[in-house]
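Trainee: Take a look at the following structure, please.
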Amino acid sequence: KSSQVLEARGPLSCNEIYNSIGSPKHLTISKMASLMKMHGIEFDIERIGANYGIIRNDMVIVKDIWAYAAGFLDADGYITITKRGEPRAGFVATGGRGKIHCENLHKSLGCGILQTDLKVHKNSTRSQHRLQFYSEDDLRTLLKGIKPHLQMKKNQANAVLDLLDLRGSKSNLVKSRRDELYRVVKWENWKDVPEEREKLLREWKVQEAEVLAWGQRDNEVIRLVDDAHRIERLI
């Protein structure tokens with residue numbers, strides 16, 4: 001039943017599969033996940049990022065590329081802003097199946113930079129594969145497409161899209177906002193690690209509530225205020 005659902009709908013979470021096959025009372029979601037892990041391969045079912053999907057003839061059966069990409073990125077990807085204010089996003093996978101996922105995704109999305117068969121470290125026999133997004137156009141395409149489907153990295157996606165909308169202006173107001181967005185993304189990426197979370201709050205000399213407020217500010221208001229300041233200077 002799970003194989004039929006995945007064939008028809010593409011990659012899904014264990015919860016979604018469970019509900020789609022009628023939520024059988026004799027089977028809990030955790031037991032179902034264990035069965036998938038042990039016997040899924042017999043039915044071409046494999047882990048695809050945070051979800052399960054069908055892989056046949058080295059191709060992932062995908063019905064919604066954006067939902068597939070979002071599940072992959074939530075589990076095995078990243079969204080970040082460097083200290084220099086450069087937004088980045090990407091997928092990282094290992095082994096032969098990881099290579100298939102990255103290649104399928106690169107082909108389907110038609111953007112990003114694909115790097116395969118990279119060495120994890122000098123003496124490693126396991127390969128690493130990456131699909132990374134650096135350019136503004138590629139980042140917008142990726143993040144706008146996957147944002148409705150993201151579960152864990154939606155705040156990072158929103159912050160990077162806000163940053164892209166502010167690029168080009170050099171006013172102090174916009175520079176300050178860019179720094180806030182850099183901190184918002186860093187916070188979201190590390191907030192679940194207690195020692196790192198506390199370290200960031202000490203470094204920035206703020207309370208958690210202030211960091212959360214940075215993520216909720218309206219970019220449009222900042223742009224309007226910035227435009228008004230530039231007009232005043234011209235007058």
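Residue names in the structure tokens use chain letters A, B, ... in the order shown, residue numbers from 1 in each chain, and ligand numbers from 1 in the order shown.
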Report as a VMD selection string all protein, DNA and RNA residues lying within 7 Å of segment 160-168 of chain A, evaluated on only C-alpha atoms, omitting residues in the same chain fewer than 3 positions from it.
Mentor: chain A and resid 87 136 140 156 to 157 174 178 181 219
Trainee: Using only C-alpha atoms, can you tell me which of A:Gly71, A:Ser169, A:Gly110, A:Leu212 comes closest to His149 of chain A?
Mentor: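 When distances to His149 of chain A are compared using only C-alpha atoms, the smallest one comes from A:Gly71.
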Trainee: Write out as an MDAnalysis selection string which residues come within 8 Å of segment 184-191 of chain A when counting only C-alpha atoms, dropping same-chain ones fewer than 6 positions away.
Mentor: chainID A and resid 79:81 153 155:156 159:160 197 200 211:212 214:215
Trainee: Where does DSSP see strand (DSSP E) in segment 105-207 of chain A, if you list the residues as a list in words?
Mentor: Ile113, Leu114, Gln115, Thr116, Asp117, Leu118, Lys119, Ser127, Gln128, His129, Arg130, Leu131, Gln132 and Phe133 of chain A
Trainee: If you keep C-alpha atoms, can you produce a file of those selected residues as a PDB file, in the first residue's frame?
Mentor:
```
ATOM      1  CA  ILE A 113      26.056  24.054  -9.220  1.00  0.00           C
ATOM      2  CA  LEU A 114      26.469  20.270  -9.029  1.00  0.00           C
ATOM      3  CA  GLN A 115      29.626  18.709  -7.580  1.00  0.00           C
ATOM      4  CA  THR A 116      29.850  14.927  -7.329  1.00  0.00           C
ATOM      5  CA  ASP A 117      32.329  12.318  -6.099  1.00  0.00           C
ATOM      6  CA  LEU A 118      34.077  14.634  -3.643  1.00  0.00           C
ATOM      7  CA  LYS A 119      36.266  13.098  -0.950  1.00  0.00           C
ATOM      8  CA  SER A 127      32.094  10.035  -1.621  1.00  0.00           C
ATOM      9  CA  GLN A 128      30.189  13.267  -1.005  1.00  0.00           C
ATOM     10  CA  HIS A 129      27.947  15.087  -3.467  1.00  0.00           C
ATOM     11  CA  ARG A 130      26.707  18.677  -3.378  1.00  0.00           C
ATOM     12  CA  LEU A 131      24.171  20.789  -5.224  1.00  0.00           C
ATOM     13  CA  GLN A 132      24.805  24.406  -4.220  1.00  0.00           C
ATOM     14  CA  PHE A 133      23.145  27.725  -4.966  1.00  0.00           C
TER      15      PHE A 133
END
```
Trainee: Separation of atom CA of Asn172 of chain A and atom CA of Gly85 of chain A, in Å?
Mentor: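 Atom-to-atom, atom CA of Asn172 of chain A to atom CA of Gly85 of chain A, that is 14.4 Å.
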Trainee: Mind running segment 96-176 of chain A against segment 46-50 of chain A at 10 Å and telling me each contacting residue's nearest atom pair with the distance in Å (one decimal), counting only C-alpha atoms, chain and number ascending, as a Markdown table?
Mentor:
```
| residue | atom | partner | partner_atom | distance |
| --- | --- | --- | --- | --- |
| A:Arg97 | CA | A:Ile48 | CA | 9.1 |
| A:Gly98 | CA | A:Ile48 | CA | 8.6 |
| A:His101 | CA | A:Ile48 | CA | 7.5 |
| A:Gln151 | CA | A:Ala50 | CA | 9.9 |
```
Trainee: Which residues in segment 41-75 of chain A does DSSP call helix (DSSP H, G or I)? List them as a PyMOL selection string.
Mentor: chain A and resi 41-43+65-75
Trainee: Kindly give the distance, in Å, that separates atom CA of Ile61 of chain A and atom CA of Gly10 of chain A, rounded to a single decimal.
Mentor: 5.8 Å
Trainee: Extract, using only C-alpha atoms, all DNA, RNA and protein residues at most 9 Å from Ile100 of chain A, discarding same-chain residues fewer than 3 positions from it, and format them as a compact mmCIF listing (two decimals) with N, CA, C and O atoms, in the first residue's frame.
Mentor:
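out14.txt was written with the following content:
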```
# COMPACT_ATOMS: atom_id res chain seq x y z
N ASP A 58 17.47 3.99 -11.04
CA ASP A 58 18.30 5.14 -10.66
C ASP A 58 17.59 6.47 -10.87
O ASP A 58 18.24 7.50 -11.08
N MET A 59 16.28 6.49 -10.82
CA MET A 59 15.51 7.72 -10.92
C MET A 59 14.50 7.77 -9.79
O MET A 59 13.87 6.77 -9.45
N VAL A 60 14.38 8.96 -9.16
CA VAL A 60 13.38 9.16 -8.10
C VAL A 60 12.04 9.49 -8.76
O VAL A 60 11.97 10.35 -9.63
N GLY A 95 27.47 8.81 -0.73
CA GLY A 95 27.23 7.50 -1.31
C GLY A 95 26.55 7.54 -2.66
O GLY A 95 26.21 8.59 -3.19
N GLY A 96 26.34 6.36 -3.20
CA GLY A 96 25.75 6.24 -4.54
C GLY A 96 24.34 6.78 -4.62
O GLY A 96 23.98 7.46 -5.59
N ARG A 97 23.51 6.48 -3.60
CA ARG A 97 22.14 6.98 -3.63
C ARG A 97 22.09 8.49 -3.47
O ARG A 97 21.26 9.17 -4.08
N GLU A 103 21.80 14.51 -8.48
CA GLU A 103 21.73 14.59 -9.95
C GLU A 103 20.29 14.76 -10.42
O GLU A 103 20.01 15.57 -11.32
N ASN A 104 19.36 14.00 -9.81
CA ASN A 104 17.95 14.13 -10.17
C ASN A 104 17.44 15.54 -9.89
O ASN A 104 16.73 16.14 -10.70
N LEU A 105 17.82 16.06 -8.73
CA LEU A 105 17.35 17.39 -8.33
C LEU A 105 17.92 18.47 -9.24
O LEU A 105 17.20 19.39 -9.66
```
Trainee: As a VMD selection string, please: the residues near Leu6 of chain A (cut-off 12 Å, only C-alpha atoms, same-chain neighbours under 4 positions excluded).
Mentor: chain A and resid 1 to 2 10 to 14 16 to 18 20 to 21 40 43 to 48 51 to 56 60 to 64 68
Trainee: Print the selection's residues with C-alpha atoms to a file, as a PDB file, in the first residue's frame.
Mentor:
```
ATOM      1  CA  LYS A   1       0.000   0.000   0.000  1.00  0.00           C
ATOM      2  CA  SER A   2       2.809   2.410   0.846  1.00  0.00           C
ATOM      3  CA  GLY A  10       5.911  11.052  -4.976  1.00  0.00           C
ATOM      4  CA  PRO A  11       8.076  11.348  -1.803  1.00  0.00           C
ATOM      5  CA  LEU A  12       6.145  11.721   1.471  1.00  0.00           C
ATOM      6  CA  SER A  13       6.845  11.730   5.186  1.00  0.00           C
ATOM      7  CA  CYS A  14       6.118   8.632   7.263  1.00  0.00           C
ATOM      8  CA  GLU A  16       1.676  11.239   5.389  1.00  0.00           C
ATOM      9  CA  ILE A  17       2.104   7.659   4.198  1.00  0.00           C
ATOM     10  CA  TYR A  18       0.517   6.336   7.403  1.00  0.00           C
ATOM     11  CA  SER A  20      -2.770   7.768   3.253  1.00  0.00           C
ATOM     12  CA  ILE A  21      -3.049   4.014   3.859  1.00  0.00           C
ATOM     13  CA  GLY A  40      11.390  -0.721   2.089  1.00  0.00           C
ATOM     14  CA  PHE A  43       9.542  -2.415  -2.771  1.00  0.00           C
ATOM     15  CA  ASP A  44      11.957   0.258  -4.165  1.00  0.00           C
ATOM     16  CA  ILE A  45      11.194   2.483  -1.147  1.00  0.00           C
ATOM     17  CA  GLU A  46      14.164   4.457   0.203  1.00  0.00           C
ATOM     18  CA  ARG A  47      14.834   7.488   2.349  1.00  0.00           C
ATOM     19  CA  ILE A  48      14.911  10.712   0.351  1.00  0.00           C
ATOM     20  CA  ASN A  51      10.822  11.637   3.413  1.00  0.00           C
ATOM     21  CA  TYR A  52      10.430   8.239   1.776  1.00  0.00           C
ATOM     22  CA  GLY A  53      10.116   7.736  -1.959  1.00  0.00           C
ATOM     23  CA  ILE A  54      10.365   5.293  -4.832  1.00  0.00           C
ATOM     24  CA  ILE A  55      13.711   4.937  -6.622  1.00  0.00           C
ATOM     25  CA  ARG A  56      13.566   2.859  -9.780  1.00  0.00           C
ATOM     26  CA  VAL A  60      13.383   9.157  -8.105  1.00  0.00           C
ATOM     27  CA  ILE A  61       9.669   9.097  -8.871  1.00  0.00           C
ATOM     28  CA  VAL A  62       8.660  12.708  -8.212  1.00  0.00           C
ATOM     29  CA  LYS A  63       5.216  14.274  -8.590  1.00  0.00           C
ATOM     30  CA  ASP A  64       6.000  17.668  -6.996  1.00  0.00           C
ATOM     31  CA  TYR A  68      10.706  16.765  -2.936  1.00  0.00           C
TER      32      TYR A  68
END
```
Trainee: Ranking A:Ser171, A:Arg223, A:Ser3, A:Gly22 by minimum distance to Glu42 of chain A and counting only C-alpha atoms, which one comes first?
Mentor: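 Comparing A:Ser171, A:Arg223, A:Ser3, A:Gly22 against Glu42 of chain A, the winner is A:Ser3.
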Trainee: Give me, as a ChimeraX atom specification, all polymer residues having an atom no more than 6 Å from Gly77 of chain A, counting only C-alpha atoms and skipping those fewer than 6 positions away in the same chain.
Mentor: /A:90-92
